[in-house]
Each structure stands twice: as structure tokens, then as C-alpha cells.
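**Q** Structure supplied as input-v6.cif; contents: mmCIF, C-alpha atoms.
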data_final
#
loop_
_atom_site.label_atom_id
_atom_site.label_comp_id
_atom_site.auth_asym_id
_atom_site.auth_seq_id
_atom_site.Cartn_x
_atom_site.Cartn_y
_atom_site.Cartn_z
CA MET A 1301 -12.28 13.87 14.58
CA THR A 1302 -9.54 12.50 16.81
CA LEU A 1303 -9.13 8.98 18.06
CA SER A 1304 -9.99 10.00 21.64
CA ARG A 1305 -13.16 11.71 20.41
CA VAL A 1306 -14.13 8.53 18.64
CA SER A 1307 -13.61 6.60 21.85
CA ILE A 1308 -15.99 8.90 23.68
CA VAL A 1309 -18.79 8.58 21.15
CA SER A 1310 -18.20 4.96 20.21
CA GLY A 1311 -20.80 3.52 22.57
CA ARG A 1312 -23.58 5.69 21.23
CA ARG A 1313 -22.57 5.17 17.60
CA SER A 1314 -22.29 1.42 18.09
CA PHE A 1315 -25.83 1.34 19.41
CA LEU A 1316 -27.10 3.36 16.46
CA ALA A 1317 -25.22 1.19 13.97
CA THR A 1318 -26.60 -1.98 15.51
CA THR A 1319 -30.13 -0.70 15.39
CA THR A 1320 -30.05 0.59 11.83
CA LEU A 1321 -28.12 -2.25 10.23
CA SER A 1322 -30.24 -4.92 11.83
CA ALA A 1323 -33.35 -3.15 10.64
CA ALA A 1324 -31.93 -2.93 7.14
CA ALA A 1325 -31.06 -6.60 7.16
CA VAL A 1326 -34.58 -7.52 8.14
CA ALA A 1327 -36.06 -5.15 5.56
CA LEU A 1328 -33.92 -6.31 2.68
CA LEU A 1329 -34.68 -9.93 3.35
CA ALA A 1330 -38.43 -9.55 3.79
CA GLY A 1331 -40.11 -10.80 0.64
CA ARG A 1332 -36.94 -12.27 -0.79
CA ASP A 1333 -37.93 -15.73 0.35
CA VAL A 1334 -41.18 -15.46 -1.58
CA LEU A 1335 -39.42 -14.31 -4.71
CA ALA A 1336 -36.81 -17.00 -4.47
CA ALA A 1337 -39.38 -19.69 -4.02
CA SER A 1338 -41.62 -18.65 -6.87
CA HIS A 1339 -39.30 -17.68 -9.71
CA THR A 1340 -36.48 -19.68 -11.24
CA GLY A 1341 -34.90 -16.47 -12.47
CA ALA A 1342 -35.04 -15.04 -9.00
CA LYS A 1343 -33.32 -18.15 -7.67
CA MET A 1344 -30.52 -17.70 -10.17
CA ASP A 1345 -30.26 -14.04 -9.23
CA ALA A 1346 -30.18 -14.96 -5.56
CA GLY A 1347 -27.40 -17.45 -6.28
CA ALA A 1348 -25.31 -14.74 -7.95
CA ASP A 1349 -25.96 -12.39 -5.04
CA VAL A 1350 -25.02 -15.09 -2.54
CA ASN A 1351 -21.69 -15.53 -4.31
CA ILE A 1352 -20.96 -11.81 -4.03
CA LEU A 1353 -22.09 -11.71 -0.41
CA ASN A 1354 -19.87 -14.65 0.46
CA VAL A 1355 -16.80 -12.93 -1.00
CA ALA A 1356 -17.72 -9.87 1.07
CA LEU A 1357 -18.10 -12.10 4.12
CA GLY A 1358 -14.60 -13.42 3.47
CA LEU A 1359 -13.34 -9.84 3.54
CA GLU A 1360 -15.09 -9.21 6.85
CA HIS A 1361 -13.59 -12.36 8.38
CA GLU A 1362 -10.18 -11.10 7.29
CA GLY A 1363 -10.81 -7.62 8.69
CA ILE A 1364 -11.87 -9.05 12.06
CA ALA A 1365 -8.75 -11.20 12.11
CA ALA A 1366 -6.51 -8.25 11.22
CA TYR A 1367 -7.81 -6.20 14.16
CA GLN A 1368 -7.48 -9.27 16.39
CA LEU A 1369 -3.85 -9.68 15.37
CA GLY A 1370 -3.30 -5.99 16.07
CA ALA A 1371 -4.96 -6.17 19.49
CA GLN A 1372 -2.95 -9.27 20.46
CA SER A 1373 0.34 -7.84 19.27
CA GLY A 1374 0.83 -5.61 22.30
CA LEU A 1375 1.86 -2.84 19.92
CA LEU A 1376 -1.35 -0.81 20.06
CA GLN A 1377 -1.55 1.89 22.72
CA LYS A 1378 -4.59 3.70 24.10
CA PRO A 1379 -6.64 5.29 22.60
CA VAL A 1380 -5.72 3.48 19.37
CA LEU A 1381 -6.38 0.07 20.93
CA GLY A 1382 -9.89 1.09 21.91
CA VAL A 1383 -10.68 2.38 18.46
CA ALA A 1384 -9.28 -0.77 16.83
CA THR A 1385 -11.56 -2.82 19.08
CA ARG A 1386 -14.49 -0.63 18.09
CA PHE A 1387 -13.70 -1.03 14.38
CA GLN A 1388 -13.43 -4.78 14.88
CA ALA A 1389 -16.90 -4.73 16.45
CA ASP A 1390 -18.20 -2.96 13.35
CA HIS A 1391 -16.75 -5.70 11.17
CA LYS A 1392 -18.34 -8.37 13.38
CA GLU A 1393 -21.66 -6.64 12.82
CA HIS A 1394 -21.02 -6.59 9.07
CA ARG A 1395 -20.18 -10.31 9.27
CA ASP A 1396 -23.41 -11.13 11.05
CA THR A 1397 -25.48 -9.06 8.64
CA LEU A 1398 -23.90 -10.69 5.59
CA ALA A 1399 -24.13 -14.21 7.03
CA GLY A 1400 -27.80 -13.64 7.86
CA ALA A 1401 -28.51 -12.42 4.35
CA ILE A 1402 -26.72 -15.41 2.80
CA ARG A 1403 -28.74 -17.85 4.91
CA LYS A 1404 -32.01 -16.12 4.06
CA LEU A 1405 -31.16 -16.40 0.38
CA GLY A 1406 -30.59 -20.14 0.78
CA GLY A 1407 -26.81 -20.02 0.75
CA LYS A 1408 -24.15 -21.23 3.13
CA PRO A 1409 -22.00 -18.52 4.69
CA VAL A 1410 -18.30 -19.01 4.16
CA GLU A 1411 -16.54 -19.98 7.39
CA GLU A 1412 -13.73 -17.99 8.94
CA LYS A 1413 -10.27 -19.52 8.68
CA PRO A 1414 -7.89 -20.13 11.58
CA LEU A 1415 -6.24 -16.90 12.78
CA ALA A 1416 -2.85 -18.28 11.75
CA ASP A 1417 -3.98 -18.43 8.13
CA TYR A 1418 -4.87 -14.74 8.16
CA ALA A 1419 -1.61 -13.93 9.93
CA LYS A 1420 0.28 -15.63 7.11
CA ALA A 1421 -1.75 -14.03 4.33
CA LEU A 1422 -1.39 -10.58 5.88
CA LYS A 1423 2.30 -11.07 6.69
CA ALA A 1424 1.64 -10.32 10.36
CA ASP A 1425 5.21 -11.28 11.21
CA THR A 1426 6.36 -8.06 9.53
CA LEU A 1427 4.30 -5.83 11.86
CA LYS A 1428 6.77 -4.26 14.28
CA SER A 1429 5.06 -1.07 15.45
CA GLN A 1430 1.70 0.58 16.00
CA ASN A 1431 2.14 2.43 12.73
CA ASP A 1432 2.73 -0.85 10.86
CA ILE A 1433 -0.60 -2.13 12.17
CA LEU A 1434 -2.38 1.10 11.31
CA GLU A 1435 -0.91 0.97 7.80
CA LEU A 1436 -2.21 -2.57 7.35
CA ALA A 1437 -5.63 -1.66 8.73
CA SER A 1438 -5.77 1.42 6.53
CA ARG A 1439 -4.90 -0.63 3.45
CA LEU A 1440 -7.55 -3.23 4.25
CA GLU A 1441 -10.23 -0.63 4.97
CA LEU A 1442 -9.48 1.19 1.72
CA GLY A 1443 -9.56 -2.09 -0.18
CA ALA A 1444 -12.88 -3.00 1.41
CA THR A 1445 -14.31 0.41 0.55
CA ASN A 1446 -13.36 -0.02 -3.09
CA ALA A 1447 -14.53 -3.63 -3.15
CA TYR A 1448 -17.98 -2.82 -1.78
CA LEU A 1449 -18.37 0.09 -4.18
CA GLY A 1450 -17.15 -2.10 -7.02
CA VAL A 1451 -19.69 -4.86 -6.50
CA ILE A 1452 -22.72 -2.60 -6.18
CA PRO A 1453 -23.57 -2.77 -9.92
CA SER A 1454 -23.44 -6.59 -9.83
CA PHE A 1455 -26.22 -7.12 -7.31
CA LYS A 1456 -29.50 -8.28 -8.76
CA ASP A 1457 -31.31 -7.09 -5.64
CA ALA A 1458 -31.24 -3.30 -5.25
CA GLN A 1459 -31.67 -3.61 -1.49
CA LEU A 1460 -28.48 -5.65 -1.29
CA ALA A 1461 -26.74 -2.98 -3.35
CA LYS A 1462 -27.86 -0.45 -0.77
CA VAL A 1463 -26.45 -2.57 2.04
CA ALA A 1464 -23.13 -2.78 0.15
CA ALA A 1465 -23.14 1.02 -0.11
CA ARG A 1466 -23.73 1.34 3.62
CA LEU A 1467 -20.94 -1.10 4.36
CA ALA A 1468 -18.67 0.93 2.07
CA ALA A 1469 -19.55 4.04 4.06
CA ASP A 1470 -18.50 2.31 7.29
CA GLU A 1471 -15.20 1.22 5.75
CA THR A 1472 -14.61 4.75 4.47
CA MET A 1473 -15.19 6.12 7.96
CA HIS A 1474 -12.62 3.67 9.32
CA TRP A 1475 -10.11 4.48 6.59
CA THR A 1476 -10.49 8.22 7.06
CA LEU A 1477 -9.71 8.06 10.76
CA LEU A 1478 -6.78 5.68 10.27
CA ASN A 1479 -5.43 7.86 7.48
CA GLN A 1480 -5.65 10.93 9.69
CA THR A 1481 -3.95 9.14 12.58
CA LEU A 1482 -1.11 8.17 10.27
CA GLY A 1483 -0.72 11.85 9.38
CA LYS A 1484 -1.50 11.29 5.73
CA PRO A 1485 -3.16 13.93 3.57
CA LEU A 1486 -6.69 13.71 2.26
CA PRO A 1487 -7.02 12.27 -1.24
CA ALA A 1488 -6.58 14.83 -3.99
CA GLY A 1489 -9.87 15.80 -5.59
CA GLY A 1490 -13.35 14.45 -5.21
CA MET A 1491 -14.62 10.91 -5.69
CA PRO A 1492 -11.35 9.13 -4.88
CA PHE A 1493 -13.06 5.88 -3.86
CA GLY A 1494 -14.32 3.10 -6.09
CA ALA A 1495 -12.74 4.47 -9.25
CA MET B 1 12.73 20.99 -45.85
CA LYS B 2 14.48 17.90 -47.10
CA LEU B 3 16.18 17.50 -43.73
CA PHE B 4 12.99 18.17 -41.75
CA PHE B 5 10.97 15.22 -43.02
CA PRO B 6 13.54 12.51 -42.27
CA PHE B 7 13.95 13.94 -38.79
CA ALA B 8 10.21 13.95 -38.24
CA THR B 9 9.96 10.38 -39.46
CA VAL B 10 12.68 9.17 -37.12
CA SER B 11 11.11 11.04 -34.19
CA THR B 12 7.77 9.45 -34.90
CA LEU B 13 9.31 6.01 -35.07
CA VAL B 14 11.07 6.56 -31.75
CA VAL B 15 7.87 7.70 -30.10
CA LEU B 16 5.95 4.74 -31.48
CA THR B 17 8.64 2.36 -30.28
CA VAL B 18 8.94 3.79 -26.78
CA ALA B 19 5.30 4.57 -26.03
CA PRO B 20 2.88 3.40 -28.67
CA VAL B 21 -0.56 4.90 -28.40
CA GLY B 22 -2.83 2.57 -26.41
CA ALA B 23 -0.02 0.30 -25.27
CA ALA B 24 -0.59 -1.45 -21.97
CA ASN B 25 1.18 0.25 -19.09
CA ARG B 26 2.56 -2.18 -16.53
CA GLU B 27 3.28 0.45 -13.87
CA ARG B 28 -0.23 1.86 -14.15
CA GLY B 29 -1.50 -1.71 -13.99
CA LYS B 30 0.32 -2.17 -10.71
CA GLN B 31 -1.29 0.98 -9.32
CA LEU B 32 -4.70 -0.22 -10.45
CA TYR B 33 -4.05 -3.62 -8.88
CA GLU B 34 -3.17 -1.97 -5.58
CA SER B 35 -6.24 0.25 -5.58
CA ARG B 36 -8.84 -2.18 -6.92
CA CYS B 37 -7.71 -5.77 -6.46
CA VAL B 38 -5.86 -5.96 -3.15
CA ALA B 39 -9.02 -6.01 -1.08
CA CYS B 40 -9.45 -9.65 -2.11
CA HIS B 41 -6.22 -10.66 -3.83
CA SER B 42 -2.49 -10.68 -3.37
CA ILE B 43 0.25 -12.02 -5.58
CA ASP B 44 1.56 -14.59 -3.12
CA GLU B 45 -1.32 -15.55 -0.82
CA ASN B 46 -4.87 -16.79 -1.18
CA ARG B 47 -7.27 -14.37 0.51
CA ALA B 48 -10.96 -13.80 -0.30
CA GLY B 49 -9.77 -14.36 -3.86
CA PRO B 50 -6.98 -16.62 -5.14
CA ALA B 51 -3.30 -15.69 -5.25
CA HIS B 52 -2.21 -14.32 -8.61
CA LYS B 53 1.32 -15.62 -8.78
CA GLY B 54 1.71 -17.42 -12.08
CA VAL B 55 -1.87 -16.72 -13.15
CA PHE B 56 -0.97 -15.63 -16.69
CA GLY B 57 -0.77 -18.70 -18.89
CA ARG B 58 -2.27 -20.96 -16.23
CA LYS B 59 -5.50 -22.89 -16.41
CA ALA B 60 -8.30 -21.32 -14.34
CA GLY B 61 -8.93 -22.75 -10.89
CA LEU B 62 -5.44 -23.94 -10.09
CA ALA B 63 -4.16 -21.56 -7.39
CA LYS B 64 -3.02 -24.05 -4.77
CA GLY B 65 -5.27 -24.26 -1.72
CA PHE B 66 -7.98 -21.88 -2.93
CA ASP B 67 -11.61 -22.94 -2.69
CA TYR B 68 -12.88 -22.15 -6.19
CA SER B 69 -16.47 -22.27 -7.36
CA PRO B 70 -17.30 -25.41 -9.35
CA ALA B 71 -17.93 -23.09 -12.31
CA VAL B 72 -14.34 -21.85 -12.38
CA LYS B 73 -12.87 -25.26 -11.56
CA ASN B 74 -14.66 -26.84 -14.50
CA SER B 75 -14.24 -23.96 -16.94
CA LYS B 76 -11.16 -25.29 -18.76
CA ILE B 77 -10.19 -21.69 -19.48
CA VAL B 78 -6.54 -20.75 -19.78
CA TRP B 79 -5.69 -17.21 -18.65
CA ASN B 80 -4.25 -15.21 -21.51
CA GLU B 81 -4.77 -11.65 -22.70
CA LYS B 82 -8.08 -12.44 -24.36
CA THR B 83 -9.61 -14.53 -21.59
CA LEU B 84 -8.41 -12.21 -18.83
CA ASP B 85 -9.86 -9.25 -20.70
CA ARG B 86 -13.23 -10.98 -20.96
CA TRP B 87 -13.06 -12.10 -17.32
CA LEU B 88 -12.24 -8.67 -15.96
CA GLY B 89 -14.85 -7.05 -18.18
CA ASN B 90 -17.67 -9.35 -17.11
CA PRO B 91 -16.75 -12.39 -15.02
CA GLU B 92 -20.28 -13.76 -14.89
CA GLN B 93 -20.64 -13.60 -18.65
CA LEU B 94 -17.43 -15.55 -19.18
CA ILE B 95 -18.02 -18.14 -16.43
CA PRO B 96 -21.63 -18.22 -15.21
CA GLY B 97 -21.83 -19.22 -11.56
CA GLN B 98 -18.43 -17.84 -10.58
CA LYS B 99 -18.04 -15.80 -7.38
CA MET B 100 -16.42 -12.51 -8.37
CA GLY B 101 -18.86 -9.60 -8.39
CA PHE B 102 -16.20 -7.04 -9.27
CA SER B 103 -15.54 -5.99 -12.85
CA VAL B 104 -13.28 -3.52 -14.66
CA PRO B 105 -15.41 -1.72 -17.26
CA ASP B 106 -12.63 0.29 -18.95
CA ALA B 107 -10.65 -1.56 -21.65
CA LYS B 108 -7.44 0.41 -21.02
CA ASP B 109 -7.62 -0.37 -17.31
CA ARG B 110 -8.03 -4.05 -18.12
CA ALA B 111 -5.10 -4.01 -20.53
CA ASP B 112 -2.86 -2.36 -17.93
CA LEU B 113 -3.92 -4.79 -15.22
CA ILE B 114 -3.25 -7.76 -17.50
CA GLU B 115 0.16 -6.35 -18.34
CA TYR B 116 0.94 -6.21 -14.62
CA LEU B 117 -0.43 -9.71 -14.01
CA LYS B 118 2.01 -11.03 -16.60
CA THR B 119 4.80 -10.08 -14.19
CA ALA B 120 3.26 -11.97 -11.25
CA ARG B 121 5.60 -14.94 -11.45
#
Take the structure in the file and write it out as C-alpha cells.
**A**
Amino acid sequence: MTLSRVSIVSGRRSFLATTTLSAAAVALLAGRDVLAASHTGAKMDAGADVNILNVALGLEHEGIAAYQLGAQSGLLQKPVLGVATRFQADHKEHRDTLAGAIRKLGGKPVEEKPLADYAKALKADTLKSQNDILELASRLELGATNAYLGVIPSFKDAQLAKVAARLAADETMHWTLLNQTLGKPLPAGGMPFGA
Amino acid sequence: MKLFFPFATVSTLVVLTVAPVGAANRERGKQLYESRCVACHSIDENRAGPAHKGVFGRKAGLAKGFDYSPAVKNSKIVWNEKTLDRWLGNPEQLIPGQKMGFSVPDAKDRADLIEYLKTAR
């Protein structure tokens, strides 16, 4: 799929993603309150899950910031700019889903940092071209894919593990398109992610 | 035959010195770090996880400016080969209440990562 093709279908896909993820968030949280309130063990499990979710939320804040830095740089051209904005919207949806889950589990969602902090951490001052930004985005998306896959076994709640898998799928979709745009080959062999 | 055995012995010694079986591989550790750890960590900057510069030999919870869990802050653990191996293998088992949900199940992978982390200075 090309970047322009993604632009054309992005509106429809965004609607579908919003609908399905929100439904999943509601479903995974239904009944969790009851469990958390009635079992000490469940509370401890929820606490462990909240910790994992908050680290994931930190990743989403960073991803949103990275796309913001790219969009503000003036280096992204159409249709890449449109796709970057669409990917940022996906990450905002991930953020909202994770923050909602953390609140439902009795936790406090980690706050986003100032954009300047992300710019420093991501060495934004070294980004001099569209390709530099795509390389950074690709690296972050791949890292997020592997991170979400890596935490799946740690969740006490299987529904949260499923959400992590779905988030990993989104990040993989982003990485695949960025990788293709950069003209890089597909990974050699099967199961290259989360190893 | 007399000449063969000394040669074989020397060869074996050389191989054991250069690449002992099971020795930690720093370069592979770097590759593992870049594929598994960089989502949350970097050597120089705090991100979702703390910066790793100087982590080996340091007390846990001391990366400047990082918001650690109380569990890690109060752990009094010093990061060495043994503690890092236990941490990477099962963070929650080593420090209950910590935040990292990611683990490295394979012992060789952990050894290689630790070897790389030693260079993060």
C-alpha cells in the first residue's frame, strides 16, 4: 500500500479504529471494578497491570510528540505529512484508551511531558530531512511493536493482554508503511517482531 | 602424532581464549538492546524508562531526573551481573511493585545485554 492510498482510506479506517477500540476498552473494563473491589489479590494484580499500562502510556505520549515534532518541522511533504498526522491520531486514540483503562483500574495516568523534553530525548535537533523524521518514526514504531508484544505475558488480565496485542498490530502497520516509504526491505523470515 | 597433539592443544587454548563457549557477546548485546530496549530506554536520556548511562555498578533508582516507582527507589539494589540478570529475567520477582512489564527470558540474551550495559558509561 502506498502513502497516497493510505491517505484516501484513512478517514474510513480511523472511524473503524475508533469504534472497535472504544468498544474493546469498555468491554475489558466491565467487571474489573467488581473484581478489584472484592479481592485483595485482584487489587494487587490490577496494580501491576496499571504499572505496565502507564509505561505504555508514556510510550504513546512520546509517539504523539514525535509526530508533532515532525509535523512542525516543515520537513514533511504531502502525502507523508497527512499520513504522519493520521498515525499521530492513532497514537492519541491509544493514549485515551490506556488512560481510561488506568483510571478504571484505580490508577493515575502518567502525564505527558513538555514537547521540549521529548525533543531533547529524541534528539530532534538532528532531524534535517523528511527521511530523518521517517527513520525516527520507524524506529519508534518498531520499538513500540516489540514493547507491546513483550509485555503481553506480564498482564494479569487477559483482556488487557489482548488490547496490548491490538496496539502492537497498529504499531506494526505504521512501521510497515514507514519502512516501505524508506525503501527498506521486508524483514528476513517470519516472526521478526517481539523476539 | 606427537606433533599433532600439542598443536591441537594450542588451537583449543586459542579458541577458548578468543571465544569461550557461552561467553557474553557485547556486540550481540547492543543489537538486542536496539531491538528490545530502545522503545523505552536510551543510554543518554530518560524516556518511558530511565537512561542507562552508568547503570552498571550503580545503585537502583538513581538515574537523574527519572520518576522511579517507590519500590525501585527503596530497593537498595546495586546493579551488577547477578542483580541485572535477575531483574531482566523477572523484574517483578526481584522488586515487587516496580513498573517494568518487559522481561528477557533467555539467559544468553540477558548475559549479552548486561555485557553491553557495562559499556554504557
**Q** Distance cut-off 12 Å, counting all atoms listed in the file - which residues of chain A neighbour chain B? Return them as JSON, numbers by chain.
**A** {"A": [1344, 1345, 1346, 1347, 1348, 1349, 1350, 1351, 1352, 1353, 1354, 1355, 1356, 1357, 1358, 1359, 1360, 1361, 1362, 1363, 1410, 1411, 1412, 1413, 1417, 1418, 1419, 1420, 1421, 1422, 1423, 1436, 1437, 1438, 1439, 1440, 1441, 1442, 1443, 1444, 1445, 1446, 1447, 1448, 1449, 1450, 1451, 1452, 1453, 1454, 1455, 1456, 1461, 1464, 1471, 1492, 1493, 1494, 1495]}
**Q** Care to translate the PyMOL selection byres ((chain B and resi 80) around 10) into actual residues of this file, as an MDAnalysis selection string?
**A** chainID B and resid 55:59 77:79 81:86 114 118
**Q** State, in Å with one decimal place, the distance from atom CA of Met1491 of chain A to atom CA of Ala24 of chain B.
**A**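 Atom CA of Met1491 of chain A sits 24.8 Å away from atom CA of Ala24 of chain B.
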**Q** Could you jot down the atom CA of Ile95 of chain B to atom CA of Thr119 of chain B separation for me, Å, one decimal place?
**A** 24.3 Å
**Q** So how far away is atom CA of Leu113 of chain B from atom CA of Lys30 of chain B, in Å?
**A**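 Between these atoms lies a distance of 6.7 Å.
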**Q** Identify, on the basis of all atoms listed in the file, every residue whose closest approach to Ser1373 of chain A does not exceed 10 Å; exclude the query and any residue fewer than 3 positions from it along the same chain; express the result as a ChimeraX atom specification.
**A** /A:1367-1370,1376,1424,1427-1430,1433
